[in-house]
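Structure file target-v9.cif (mmCIF, C-alpha atoms and all ligand atoms) is printed below.
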```cif
data_run
#
loop_
_atom_site.label_atom_id
_atom_site.label_comp_id
_atom_site.auth_asym_id
_atom_site.auth_seq_id
_atom_site.Cartn_x
_atom_site.Cartn_y
_atom_site.Cartn_z
CA MET A 128 -46.60 11.97 3.97
CA ALA A 129 -45.90 12.02 7.69
CA ASN A 130 -43.36 9.61 9.04
CA LEU A 131 -45.49 6.58 9.80
CA SER A 132 -45.03 2.87 10.01
CA LEU A 133 -46.21 0.84 7.02
CA ARG A 134 -48.90 -0.61 9.28
CA GLU A 135 -50.22 2.85 10.23
CA HIS A 136 -50.10 4.09 6.65
CA ALA A 137 -51.85 1.03 5.21
CA THR A 138 -54.41 0.80 8.02
CA GLY A 139 -55.51 4.38 7.31
CA GLN A 140 -55.87 3.54 3.62
CA LEU A 141 -57.87 0.39 4.37
CA GLN A 142 -60.19 2.06 6.87
CA ARG A 143 -60.99 4.87 4.44
CA LEU A 144 -61.55 2.40 1.58
CA CYS A 145 -63.86 0.31 3.75
CA ARG A 146 -65.89 3.41 4.49
CA VAL A 147 -66.24 4.09 0.75
CA ALA A 148 -67.58 0.57 0.31
CA GLY A 149 -70.12 1.01 3.09
CA LEU A 150 -68.11 -1.15 5.48
CA PRO A 151 -67.14 0.95 8.45
CA ASP A 152 -64.32 -0.76 10.32
CA THR A 153 -66.24 -0.58 13.60
CA ASP A 154 -65.13 -3.91 15.03
CA GLY A 155 -61.49 -3.33 14.05
CA VAL A 156 -61.31 -6.74 12.34
CA PRO A 157 -60.06 -5.48 8.93
CA SER A 158 -57.27 -3.50 10.61
CA GLU A 159 -56.35 -6.41 12.83
CA LEU A 160 -56.17 -8.82 9.89
CA LEU A 161 -54.15 -6.34 7.84
CA GLY A 162 -51.68 -6.07 10.74
CA GLN A 163 -51.28 -9.84 10.75
CA LEU A 164 -50.83 -9.92 6.99
CA LEU A 165 -48.06 -7.31 7.20
CA GLY A 166 -46.33 -9.05 10.09
CA THR A 167 -42.95 -7.54 10.91
CA ALA A 168 -42.92 -5.63 7.58
CA GLY A 169 -45.59 -3.43 9.17
CA GLU A 170 -42.91 -1.85 11.37
CA SER A 171 -40.94 -0.40 8.41
CA ARG A 172 -41.04 3.38 8.13
CA VAL A 173 -42.71 5.09 5.20
CA PRO A 174 -41.54 6.82 3.17
CA GLY A 175 -38.44 4.69 3.39
CA SER A 176 -37.18 1.52 1.88
CA SER A 177 -39.01 -1.72 1.70
CA PRO A 178 -37.72 -4.41 4.08
CA TRP A 179 -37.83 -7.02 1.30
CA PRO A 180 -38.80 -6.95 -2.36
CA SER A 181 -42.34 -8.18 -2.81
CA GLY A 182 -43.66 -8.69 -6.34
CA ILE A 183 -47.15 -7.67 -5.23
CA SER A 184 -46.56 -4.06 -6.24
CA ASP A 185 -44.15 -2.01 -8.32
CA ASP A 186 -42.64 -0.22 -5.30
CA THR A 187 -42.28 -3.61 -3.53
CA THR A 188 -44.89 -2.83 -0.84
CA PRO A 189 -46.10 -6.31 0.17
CA ILE A 190 -49.80 -5.39 -0.13
CA GLU A 191 -52.19 -4.06 -2.79
CA PHE A 192 -55.79 -2.91 -2.30
CA SER A 193 -58.71 -3.43 -4.61
CA ILE A 194 -62.28 -2.29 -4.69
CA ALA A 195 -64.84 -4.35 -6.53
CA PHE A 196 -67.85 -2.59 -8.05
CA ASP A 197 -70.55 -5.17 -8.68
CA ALA A 198 -73.25 -4.83 -11.30
CA SER A 199 -75.69 -5.23 -8.40
CA GLY A 200 -74.40 -2.00 -6.81
CA GLU A 201 -72.54 -3.82 -4.00
CA ARG A 202 -68.93 -3.00 -3.32
CA SER A 203 -66.25 -4.97 -1.56
CA VAL A 204 -62.72 -4.19 -0.51
CA ARG A 205 -59.82 -6.57 -0.74
CA VAL A 206 -56.18 -6.61 0.30
CA LEU A 207 -53.73 -8.80 -1.56
CA GLY A 208 -50.63 -9.53 0.50
CA GLU A 209 -47.50 -11.55 0.81
CA THR A 210 -46.19 -12.48 4.24
CA VAL A 211 -42.50 -12.18 4.90
CA SER A 212 -40.55 -14.98 3.36
CA THR A 213 -39.15 -16.09 6.72
CA CYS A 214 -42.65 -17.07 7.79
CA PRO A 215 -43.28 -20.79 7.18
CA ALA A 216 -45.85 -21.48 4.48
CA ASP A 217 -48.98 -21.47 6.55
CA CYS A 218 -48.10 -19.53 9.70
CA PHE A 219 -50.32 -16.64 8.60
CA LEU A 220 -53.19 -19.11 8.35
CA THR A 221 -52.57 -20.20 11.92
CA ALA A 222 -52.32 -16.60 13.11
CA VAL A 223 -55.60 -15.45 11.54
CA GLY A 224 -57.53 -18.50 12.70
CA GLY A 225 -59.01 -16.56 15.62
CA HIS A 226 -60.57 -13.90 13.38
CA LEU A 227 -61.54 -15.74 10.25
CA PRO A 228 -63.84 -18.71 9.94
CA PHE A 229 -61.76 -20.17 7.12
CA VAL A 230 -61.55 -23.83 6.19
CA SER A 231 -58.29 -25.34 5.09
CA ASP A 232 -59.36 -28.69 3.62
CA ARG A 233 -58.85 -27.62 -0.01
CA PHE A 234 -55.58 -25.94 0.90
CA GLU A 235 -54.40 -29.24 2.34
CA GLN A 236 -55.52 -31.16 -0.73
CA VAL A 237 -53.08 -29.32 -3.00
CA GLN A 238 -50.45 -27.98 -0.60
CA ASP A 239 -47.80 -30.61 -1.43
CA LEU A 240 -48.05 -29.78 -5.15
CA PHE A 241 -47.61 -26.04 -4.82
CA LEU A 242 -45.37 -25.76 -1.76
CA PRO A 243 -42.45 -28.07 -2.52
CA ALA A 244 -39.26 -27.82 -0.48
CA GLN A 245 -37.29 -26.41 -3.44
CA ARG A 246 -39.08 -23.36 -4.89
CA HIS A 247 -38.56 -21.34 -8.05
CA GLY A 248 -40.35 -18.32 -9.40
CA GLU A 249 -41.35 -15.01 -7.90
CA PHE A 250 -43.44 -16.12 -4.95
CA ALA A 251 -44.83 -19.17 -3.19
CA LEU A 252 -47.98 -18.02 -1.46
CA TRP A 253 -50.05 -14.85 -1.56
CA TYR A 254 -53.21 -14.13 0.39
CA SER A 255 -56.22 -11.99 -0.16
CA LEU A 256 -58.56 -10.70 2.53
CA ILE A 257 -62.02 -9.89 1.21
CA PHE A 258 -64.40 -7.61 3.10
CA ARG A 259 -68.05 -7.40 2.04
CA PRO A 260 -70.90 -5.59 3.73
CA ARG A 261 -72.87 -7.80 6.13
CA SER A 262 -70.53 -10.80 5.69
CA ALA A 263 -67.64 -12.33 7.56
CA PRO A 264 -64.26 -11.60 5.97
CA LEU A 265 -63.15 -14.15 3.43
CA LEU A 266 -59.67 -15.51 2.93
CA LYS A 267 -58.29 -16.50 -0.45
CA VAL A 268 -54.89 -18.06 -1.13
CA TYR A 269 -52.84 -17.89 -4.32
CA PHE A 270 -50.34 -20.58 -5.23
CA ASN A 271 -47.71 -20.21 -7.94
CA PRO A 272 -48.00 -22.79 -10.74
CA GLN A 273 -44.42 -21.91 -11.76
CA VAL A 274 -43.06 -22.90 -8.35
CA SER A 275 -41.31 -26.02 -9.71
CA GLY A 276 -40.25 -24.30 -12.94
CA PRO A 277 -42.21 -23.51 -16.11
CA ALA A 278 -41.99 -27.03 -17.54
CA ARG A 279 -43.90 -28.50 -14.62
CA ALA A 280 -46.65 -25.84 -14.41
CA PRO A 281 -49.16 -27.72 -16.64
CA GLU A 282 -48.86 -30.91 -14.62
CA LEU A 283 -49.24 -29.07 -11.29
CA VAL A 284 -52.37 -27.30 -12.51
CA SER A 285 -53.98 -30.39 -14.02
CA GLU A 286 -53.29 -32.44 -10.90
CA GLY A 287 -54.54 -29.61 -8.64
CA LEU A 288 -57.79 -29.41 -10.59
CA ARG A 289 -58.15 -33.19 -10.53
CA ARG A 290 -57.78 -33.32 -6.75
CA LEU A 291 -60.45 -30.65 -6.39
CA GLY A 292 -62.88 -32.61 -8.57
CA ILE A 293 -62.66 -30.43 -11.70
CA GLY A 294 -60.01 -32.30 -13.64
CA HIS A 295 -62.24 -32.47 -16.73
CA ALA A 296 -61.94 -28.73 -17.17
CA TYR A 297 -58.19 -28.80 -17.75
CA ASP A 298 -58.19 -29.64 -21.46
CA LYS A 299 -60.86 -27.05 -22.18
CA VAL A 300 -58.92 -24.34 -20.38
CA VAL A 301 -55.81 -25.21 -22.37
CA ALA A 302 -57.71 -25.25 -25.66
CA HIS A 303 -59.12 -21.76 -25.05
CA ALA A 304 -56.44 -19.93 -23.10
CA VAL A 305 -53.08 -21.68 -23.39
CA THR A 306 -52.77 -21.83 -27.15
CA ARG A 307 -49.81 -19.59 -27.95
CA GLN A 308 -46.63 -21.60 -27.28
CA GLY A 309 -44.53 -20.01 -24.56
CA ARG A 310 -46.61 -16.83 -24.41
CA ASP A 311 -49.66 -18.08 -22.50
CA ARG A 312 -48.72 -19.35 -19.08
CA PHE A 313 -50.43 -20.36 -15.85
CA SER A 314 -49.77 -17.59 -13.35
CA PHE A 315 -51.88 -18.26 -10.24
CA PHE A 316 -53.89 -21.13 -8.80
CA ALA A 317 -56.20 -19.69 -6.14
CA LEU A 318 -58.71 -20.99 -3.61
CA ASP A 319 -61.38 -19.32 -1.52
CA LEU A 320 -61.00 -20.88 1.91
CA SER A 321 -64.67 -20.75 2.84
CA ARG A 322 -67.27 -23.43 3.22
CA SER A 323 -69.82 -22.13 0.77
CA PRO A 324 -71.17 -23.38 -2.54
CA ARG A 325 -69.82 -20.14 -3.97
CA ALA A 326 -66.24 -20.78 -2.74
CA ARG A 327 -64.12 -20.57 -5.86
CA VAL A 328 -61.21 -22.37 -7.39
CA LYS A 329 -59.60 -19.76 -9.66
CA LEU A 330 -57.11 -20.42 -12.38
CA TYR A 331 -55.19 -17.51 -13.95
CA VAL A 332 -53.39 -17.41 -17.28
CA SER A 333 -51.09 -14.57 -18.42
CA HIS A 334 -51.03 -13.73 -22.10
CA GLU A 335 -47.79 -12.11 -23.27
CA GLU A 336 -48.13 -9.90 -26.38
CA ALA A 337 -51.82 -10.75 -26.64
CA GLU A 338 -54.39 -9.13 -28.87
CA THR A 339 -58.00 -8.66 -27.89
CA ALA A 340 -58.94 -11.65 -30.05
CA ASP A 341 -56.81 -13.91 -27.84
CA VAL A 342 -58.68 -12.97 -24.67
CA GLU A 343 -62.02 -13.10 -26.49
CA ARG A 344 -61.20 -16.74 -27.28
CA ALA A 345 -60.27 -17.34 -23.64
CA ALA A 346 -63.54 -15.77 -22.44
CA SER A 347 -65.65 -17.80 -24.85
CA LEU A 348 -65.06 -20.92 -22.74
CA VAL A 349 -67.66 -19.57 -20.31
CA PRO A 350 -71.18 -19.98 -21.69
CA GLY A 351 -73.15 -16.80 -22.29
CA ILE A 352 -70.32 -14.27 -22.37
CA ASP A 353 -70.66 -11.37 -24.76
CA VAL A 354 -67.17 -10.96 -26.18
CA MET A 355 -68.01 -7.45 -27.38
CA GLN A 356 -67.66 -6.39 -23.75
CA ILE A 357 -64.08 -7.67 -23.74
CA ARG A 358 -63.30 -5.82 -26.95
CA GLU A 359 -64.75 -2.58 -25.66
CA PHE A 360 -62.97 -2.86 -22.29
CA CYS A 361 -59.57 -3.31 -24.00
CA ALA A 362 -60.24 -0.51 -26.44
CA ILE A 363 -61.26 2.03 -23.81
CA LEU A 364 -58.76 1.15 -21.09
CA GLY A 365 -55.87 -0.14 -23.14
CA GLY A 366 -56.33 2.18 -26.09
CA GLY A 367 -56.76 -0.40 -28.85
CA LYS A 368 -56.88 -4.06 -29.72
CA GLY A 369 -53.25 -4.77 -28.87
CA PRO A 370 -50.90 -6.44 -29.07
CA PHE A 371 -50.45 -5.58 -25.40
CA GLY A 372 -46.68 -5.85 -25.25
CA ARG A 373 -45.87 -4.46 -21.85
CA ARG A 374 -47.21 -6.26 -18.76
CA PRO A 375 -49.51 -8.99 -20.02
CA LEU A 376 -53.26 -9.20 -20.11
CA MET A 377 -54.45 -11.93 -17.78
CA SER A 378 -57.48 -14.23 -17.81
CA SER A 379 -58.99 -16.02 -14.87
CA TYR A 380 -61.58 -18.75 -14.71
CA SER A 381 -63.67 -19.36 -11.58
CA PHE A 382 -65.14 -22.69 -10.70
CA VAL A 383 -67.81 -22.94 -8.03
CA GLU A 384 -69.82 -25.91 -6.82
CA GLY A 385 -71.41 -27.66 -9.78
CA ASP A 386 -68.87 -26.37 -12.34
CA THR A 387 -67.22 -29.70 -13.00
CA ASP A 388 -66.13 -29.43 -16.58
CA ARG A 389 -66.18 -25.73 -17.34
CA PRO A 390 -65.95 -22.55 -15.32
CA SER A 391 -68.96 -20.31 -14.79
CA HIS A 392 -67.02 -17.03 -14.59
CA TYR A 393 -64.32 -15.33 -16.57
CA SER A 394 -62.33 -12.22 -15.64
CA LEU A 395 -59.96 -10.18 -17.74
CA TYR A 396 -57.21 -8.15 -16.02
CA LEU A 397 -55.60 -5.22 -17.77
CA PRO A 398 -52.43 -3.77 -16.19
CA ILE A 399 -53.54 -0.26 -17.09
CA ARG A 400 -50.46 1.40 -15.59
CA ASP A 401 -48.39 0.19 -18.53
CA TYR A 402 -50.72 1.67 -21.12
CA VAL A 403 -51.27 5.21 -19.82
CA PRO A 404 -48.87 8.09 -19.17
CA ASP A 405 -50.18 8.83 -15.66
CA ASP A 406 -52.98 8.13 -13.22
CA GLU A 407 -55.09 11.08 -14.33
CA VAL A 408 -55.38 9.49 -17.77
CA ALA A 409 -56.02 6.07 -16.16
CA ARG A 410 -58.86 7.58 -14.10
CA ALA A 411 -60.41 9.21 -17.17
CA ARG A 412 -60.41 5.92 -19.10
CA LEU A 413 -61.80 4.05 -16.11
CA LEU A 414 -64.61 6.56 -15.70
CA ALA A 415 -65.52 5.99 -19.35
CA VAL A 416 -65.78 2.24 -18.76
CA MET A 417 -67.79 2.71 -15.57
CA ALA A 418 -70.19 5.04 -17.36
CA GLN A 419 -70.70 2.41 -20.03
CA TYR A 420 -71.91 0.06 -17.28
CA ASN A 421 -73.98 2.75 -15.58
CA MET A 422 -71.72 2.75 -12.52
CA ASP A 423 -71.31 5.77 -10.29
CA GLY A 424 -67.93 7.35 -11.05
CA THR A 425 -67.94 9.41 -7.86
CA GLN A 426 -67.33 6.14 -6.02
CA LEU A 427 -64.09 5.75 -7.95
CA ASP A 428 -62.96 9.21 -6.92
CA ARG A 429 -63.78 8.47 -3.30
CA ALA A 430 -61.74 5.26 -3.51
CA LEU A 431 -58.76 7.09 -5.03
CA ALA A 432 -58.95 9.76 -2.33
CA ALA A 433 -58.98 7.00 0.30
CA VAL A 434 -55.55 5.80 -0.74
CA THR A 435 -53.74 8.94 -1.85
CA SER A 436 -53.73 12.70 -1.66
CA ARG A 437 -51.11 13.19 -4.39
CA PRO A 438 -52.14 14.80 -7.69
CA LEU A 439 -53.02 11.94 -10.05
CA ARG A 440 -50.89 13.29 -12.87
CA ASP A 441 -47.76 13.22 -10.71
CA GLY A 442 -47.32 9.47 -11.03
CA VAL A 443 -48.44 6.28 -12.72
CA GLY A 444 -49.43 3.00 -11.11
CA LEU A 445 -51.74 4.10 -8.30
CA ILE A 446 -54.36 2.43 -10.51
CA ALA A 447 -52.37 -0.73 -11.19
CA HIS A 448 -54.88 -3.06 -12.86
CA VAL A 449 -58.54 -3.03 -13.79
CA SER A 450 -60.54 -6.20 -14.20
CA LEU A 451 -63.82 -7.01 -15.89
CA ARG A 452 -65.71 -9.88 -14.25
CA LEU A 453 -68.26 -11.71 -16.36
CA GLY A 454 -70.55 -14.57 -15.42
CA VAL A 455 -73.96 -15.52 -14.13
CA VAL A 456 -73.55 -13.76 -10.81
CA GLY A 457 -71.01 -11.29 -9.48
CA SER A 458 -70.28 -9.44 -12.73
CA GLY A 459 -68.57 -6.12 -12.33
CA ILE A 460 -65.39 -4.11 -12.43
CA THR A 461 -62.54 -4.29 -9.95
CA VAL A 462 -59.95 -1.57 -9.54
CA TYR A 463 -56.56 -2.47 -8.05
CA LEU A 464 -55.00 0.36 -6.08
CA SER A 465 -51.37 0.54 -4.99
CA SER A 466 -50.49 1.61 -1.50
CA GLU A 467 -47.45 3.51 -2.89
CA ALA A 468 -46.00 3.28 0.62
CA PHE A 469 -42.40 3.09 -0.58
CA GLY A 470 -42.55 5.07 -3.78
CA VAL A 471 -44.42 6.48 -6.75
CA THR A 472 -43.49 5.65 -10.35
CA PRO A 473 -42.90 8.93 -12.22
CA PRO A 474 -45.37 9.76 -14.98
CA ARG A 475 -44.51 9.22 -18.64
CA ARG A 476 -44.93 11.84 -21.34
CA ARG A 477 -48.42 12.47 -22.61
CA SER A 478 -49.16 12.68 -26.31
CA VAL A 479 -48.49 16.12 -27.73
CA LEU A 480 -50.82 17.81 -30.14
CA GLY A 481 -48.83 19.76 -32.66
CA LEU A 482 -49.59 21.60 -35.86
CA VAL A 483 -49.27 19.36 -38.85
CA SER A 484 -47.51 21.26 -41.58
CA SER A 485 -49.48 20.97 -44.76
CA ALA A 486 -47.68 20.78 -48.05
CA GLN A 487 -48.60 23.83 -50.05
N1 LIG B 501 -47.67 -6.90 -9.29
C1 LIG B 501 -47.84 -8.11 -10.05
C2 LIG B 501 -48.26 -7.78 -11.48
O1 LIG B 501 -48.61 -6.68 -11.78
C3 LIG B 501 -48.83 -9.08 -9.43
C4 LIG B 501 -50.23 -8.58 -9.24
C5 LIG B 501 -50.67 -7.86 -8.17
C6 LIG B 501 -51.32 -8.77 -10.12
N2 LIG B 501 -52.01 -7.60 -8.34
C7 LIG B 501 -52.44 -8.15 -9.50
C8 LIG B 501 -51.49 -9.40 -11.37
C9 LIG B 501 -53.70 -8.10 -10.11
C10 LIG B 501 -52.75 -9.35 -11.96
C11 LIG B 501 -53.84 -8.72 -11.36
O2 LIG B 501 -48.24 -8.67 -12.31
#
```
Would it be possible to restate this file's structure as structure tokens?
Amino acid sequence: MANLSLREHATGQLQRLCRVAGLPDTDGVPSELLGQLLGTAGESRVPGSSPWPSGISDDTTPIEFSIAFDASGERSVRVLGETVSTCPADCFLTAVGGHLPFVSDRFEQVQDLFLPAQRHGEFALWYSLIFRPRSAPLLKVYFNPQVSGPARAPELVSEGLRRLGIGHAYDKVVAHAVTRQGRDRFSFFALDLSRSPRARVKLYVSHEEAETADVERAASLVPGIDVMQIREFCAILGGGKGPFGRRPLMSSYSFVEGDTDRPSHYSLYLPIRDYVPDDEVARARLLAVMAQYNMDGTQLDRALAAVTSRPLRDGVGLIAHVSLRLGVVGSGITVYLSSEAFGVTPPRRRSVLGLVSSAQ
């Protein structure tokens, strides 16, 4: 890797990923927005050391890419990011106002709940920039339900949902997804900041030590979901039915206009990097899942080549998570790709095939 700034390194990755998704960065808007998301962290040198430890990625790079493969054949590219902690809560929102037609009314409706003066937990506010062909970029914000400590997370989430007009869903979410005392916890409360009937409120729950049956139960809150798809996804990518004892499986529910008492979409996130020895194995498992859904695996390889030129078996965590999105519209698979700007996690040992000595 040449000596570049984080901004230069990440901009190259984003531009190449956008090309893979059929979104050439001709107007320069994705790069410009990425620059604003990185802020002063963009000036750090890579390889080098991270200016501050973001929880977004394992090497503390404050951004993570993802590419969404939709069942319809569409692709979109996203960047998840955390702005430097010295930036006041919404200064990024003010800065991007010129480029993004976002609306902040829902943000303002819940801001006091999730951005208290005294904050706990790993983060306060994350952002996601979403780029789709033929559409204006979309901005999504993630709040941390644990920001006032774990004991207050349920009340923050139920009040947040109530203010957004979907308070009736809270008990159903708890009954399906927050059933295992202390091991199921609210992890993100997210909002699409767009004025569209499809703008989502998304609620995420992490499931420590979960088995496939636990996430099948979570998914069954959404009408019409075939839980066999969940089972198969966990088996192929995660290698079994659990328990998944390293980084947790995660569920998310999406509510769009008209979803007042139950969500219309469910997604399952599997932190694949904890369940494979290296990225070559992760890629192989992911290709198997994509084939099952009749998706073009060469697109995955193009996306991987957009973010790295290192041999896949030389590290683990380039492919950080994989998610399965299920619902009436927008079903598909999303692959989360690390920038690896500040470091690569070394691979673990693969399984070894040996001769089994047979008792004579
Ligand atoms: N790095 C964190 C984790 O792995 C947060 C995170 C980043 C995350 N991207 C994600 C969590 C995608 C779930 C899905 O937990």
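Using all atoms listed in the file for every distance, the candidate list A:Leu207, A:Ala409, A:Val349, A:Ile363 yields A:Leu207 as the residue closest to ligand LIG 501 (chain B).
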Counting only C-alpha atoms and all ligand atoms, give me one row per residue of chain A with an atom at most 10 Å from an atom of ligand LIG 501 (chain B), showing the shortest contact pair and its distance in Å to one decimal, sorted by chain then residue number, as a tab-separated table.
```
residue	atom	partner	partner_atom	distance
A:Ser181	CA	B:LIG501	N1	8.5
A:Gly182	CA	B:LIG501	N1	5.3
A:Ile183	CA	B:LIG501	N1	4.2
A:Ser184	CA	B:LIG501	N1	4.3
A:Asp185	CA	B:LIG501	N1	6.1
A:Asp186	CA	B:LIG501	N1	9.3
A:Thr187	CA	B:LIG501	N1	8.5
A:Thr188	CA	B:LIG501	N1	9.8
A:Pro189	CA	B:LIG501	N1	9.6
A:Ile190	CA	B:LIG501	C5	8.5
A:Glu191	CA	B:LIG501	N2	6.6
A:Phe192	CA	B:LIG501	N2	8.5
A:Ser193	CA	B:LIG501	N2	8.7
A:Val206	CA	B:LIG501	N2	9.6
A:Leu207	CA	B:LIG501	N2	7.1
A:Gly208	CA	B:LIG501	C5	8.8
A:Glu249	CA	B:LIG501	C3	9.7
A:Phe250	CA	B:LIG501	C3	9.9
A:Trp253	CA	B:LIG501	C5	9.6
A:Ser314	CA	B:LIG501	C8	8.6
A:Phe315	CA	B:LIG501	C8	8.9
A:Tyr331	CA	B:LIG501	C10	8.7
A:Val332	CA	B:LIG501	C10	9.7
A:Ser333	CA	B:LIG501	C10	8.5
A:Arg374	CA	B:LIG501	O2	7.0
A:Pro375	CA	B:LIG501	O2	7.8
A:Leu376	CA	B:LIG501	C10	8.2
A:Met377	CA	B:LIG501	C10	6.6
A:Ser378	CA	B:LIG501	C10	9.0
A:Ser379	CA	B:LIG501	C10	9.6
A:Leu395	CA	B:LIG501	C11	9.0
A:Tyr396	CA	B:LIG501	C11	5.8
A:Leu397	CA	B:LIG501	C11	7.5
A:Pro398	CA	B:LIG501	O1	6.5
A:Ile399	CA	B:LIG501	O1	9.7
A:Arg400	CA	B:LIG501	O1	9.1
A:Asp401	CA	B:LIG501	O1	9.6
A:Gly444	CA	B:LIG501	O1	9.7
A:Ala447	CA	B:LIG501	O1	7.1
A:His448	CA	B:LIG501	C9	5.9
A:Val449	CA	B:LIG501	C11	7.8
A:Ser450	CA	B:LIG501	C11	7.7
A:Thr461	CA	B:LIG501	C9	9.6
A:Val462	CA	B:LIG501	C9	9.1
A:Tyr463	CA	B:LIG501	C9	6.6
A:Leu464	CA	B:LIG501	N2	8.8
A:Ser465	CA	B:LIG501	N2	8.8
```
Only C-alpha atoms, please: the residues just picked out, written as a PDB file, keeping the file's coordinate frame.
```
ATOM      1  CA  SER A 181     -42.340  -8.180  -2.810  1.00  0.00           C
ATOM      2  CA  GLY A 182     -43.660  -8.690  -6.340  1.00  0.00           C
ATOM      3  CA  ILE A 183     -47.150  -7.670  -5.230  1.00  0.00           C
ATOM      4  CA  SER A 184     -46.560  -4.060  -6.240  1.00  0.00           C
ATOM      5  CA  ASP A 185     -44.150  -2.010  -8.320  1.00  0.00           C
ATOM      6  CA  ASP A 186     -42.640  -0.220  -5.300  1.00  0.00           C
ATOM      7  CA  THR A 187     -42.280  -3.610  -3.530  1.00  0.00           C
ATOM      8  CA  THR A 188     -44.890  -2.830  -0.840  1.00  0.00           C
ATOM      9  CA  PRO A 189     -46.100  -6.310   0.170  1.00  0.00           C
ATOM     10  CA  ILE A 190     -49.800  -5.390  -0.130  1.00  0.00           C
ATOM     11  CA  GLU A 191     -52.190  -4.060  -2.790  1.00  0.00           C
ATOM     12  CA  PHE A 192     -55.790  -2.910  -2.300  1.00  0.00           C
ATOM     13  CA  SER A 193     -58.710  -3.430  -4.610  1.00  0.00           C
ATOM     14  CA  VAL A 206     -56.180  -6.610   0.300  1.00  0.00           C
ATOM     15  CA  LEU A 207     -53.730  -8.800  -1.560  1.00  0.00           C
ATOM     16  CA  GLY A 208     -50.630  -9.530   0.500  1.00  0.00           C
ATOM     17  CA  GLU A 249     -41.350 -15.010  -7.900  1.00  0.00           C
ATOM     18  CA  PHE A 250     -43.440 -16.120  -4.950  1.00  0.00           C
ATOM     19  CA  TRP A 253     -50.050 -14.850  -1.560  1.00  0.00           C
ATOM     20  CA  SER A 314     -49.770 -17.590 -13.350  1.00  0.00           C
ATOM     21  CA  PHE A 315     -51.880 -18.260 -10.240  1.00  0.00           C
ATOM     22  CA  TYR A 331     -55.190 -17.510 -13.950  1.00  0.00           C
ATOM     23  CA  VAL A 332     -53.390 -17.410 -17.280  1.00  0.00           C
ATOM     24  CA  SER A 333     -51.090 -14.570 -18.420  1.00  0.00           C
ATOM     25  CA  ARG A 374     -47.210  -6.260 -18.760  1.00  0.00           C
ATOM     26  CA  PRO A 375     -49.510  -8.990 -20.020  1.00  0.00           C
ATOM     27  CA  LEU A 376     -53.260  -9.200 -20.110  1.00  0.00           C
ATOM     28  CA  MET A 377     -54.450 -11.930 -17.780  1.00  0.00           C
ATOM     29  CA  SER A 378     -57.480 -14.230 -17.810  1.00  0.00           C
ATOM     30  CA  SER A 379     -58.990 -16.020 -14.870  1.00  0.00           C
ATOM     31  CA  LEU A 395     -59.960 -10.180 -17.740  1.00  0.00           C
ATOM     32  CA  TYR A 396     -57.210  -8.150 -16.020  1.00  0.00           C
ATOM     33  CA  LEU A 397     -55.600  -5.220 -17.770  1.00  0.00           C
ATOM     34  CA  PRO A 398     -52.430  -3.770 -16.190  1.00  0.00           C
ATOM     35  CA  ILE A 399     -53.540  -0.260 -17.090  1.00  0.00           C
ATOM     36  CA  ARG A 400     -50.460   1.400 -15.590  1.00  0.00           C
ATOM     37  CA  ASP A 401     -48.390   0.190 -18.530  1.00  0.00           C
ATOM     38  CA  GLY A 444     -49.430   3.000 -11.110  1.00  0.00           C
ATOM     39  CA  ALA A 447     -52.370  -0.730 -11.190  1.00  0.00           C
ATOM     40  CA  HIS A 448     -54.880  -3.060 -12.860  1.00  0.00           C
ATOM     41  CA  VAL A 449     -58.540  -3.030 -13.790  1.00  0.00           C
ATOM     42  CA  SER A 450     -60.540  -6.200 -14.200  1.00  0.00           C
ATOM     43  CA  THR A 461     -62.540  -4.290  -9.950  1.00  0.00           C
ATOM     44  CA  VAL A 462     -59.950  -1.570  -9.540  1.00  0.00           C
ATOM     45  CA  TYR A 463     -56.560  -2.470  -8.050  1.00  0.00           C
ATOM     46  CA  LEU A 464     -55.000   0.360  -6.080  1.00  0.00           C
ATOM     47  CA  SER A 465     -51.370   0.540  -4.990  1.00  0.00           C
TER      48      SER A 465
END
```
In Å, rounded to a single decimal, give me how far CA of Ser158 (chain A) is from CA of Cys145 (chain A).
->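 Straight-line distance from CA of Cys145 (chain A) to CA of Ser158 (chain A) works out to 10.2 Å.
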Between CA of Val274 (chain A) and CA of His247 (chain A) - distance in Å to one decimal |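 CA of His247 (chain A) sits 4.8 Å away from CA of Val274 (chain A).
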Have a look at A:Tyr420, A:Tyr402, A:Phe316, A:Phe270 and name the one nearest to Glu359 (chain A); count all atoms listed in the file.
->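 So, comparing all the options, the nearest one is A:Tyr420.
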Quote the spacing between CA of Arg307 (chain A) and CA of Phe382 (chain A) in Å to one decimal place.
-> 23.3 Å
Would you mind listing what lies within 12 Å of His226 (chain A) as a list of chain:residue names, with all atoms listed in the file counted and same-chain residues fewer than 6 positions away left out?
-> A:Asp154, A:Gly155, A:Val156, A:Pro157, A:Ser158, A:Glu159, A:Leu160, A:Leu161, A:Gln163, A:Phe219, A:Leu220, A:Leu256, A:Ala263, A:Pro264, A:Leu265, A:Leu266
Mind checking which residues fall within 9 Å of Gly287 (chain A), counting only C-alpha atoms, ignoring those fewer than 2 positions away in the same chain, and posting them as a list in words?
->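 Result of the neighbour search: Gln236, Val237, Leu240, Phe241, Glu282, Leu283, Val284, Ser285, Arg289, Arg290, Leu291, Gly292, Ile293, Gly294 and Phe316 of chain A.
Using only C-alpha atoms, the smallest distance between any of A:Ser458, A:Ser436, A:Thr210, A:Gln426 and Pro180 (chain A) comes from A:Thr210.
For the set A:Leu144, A:Ala195, A:Leu133, A:Cys218, the residue with the smallest atom-to-atom gap to Gly169 (chain A) is A:Leu133, counting only C-alpha atoms.
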In terms of the shortest atom-to-atom distance over only C-alpha atoms, which of A:Arg246, A:Arg172, A:Lys267, A:Arg344 is closest to Arg322 (chain A)?
->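 Smallest separation from Arg322 (chain A) among the options: A:Lys267.
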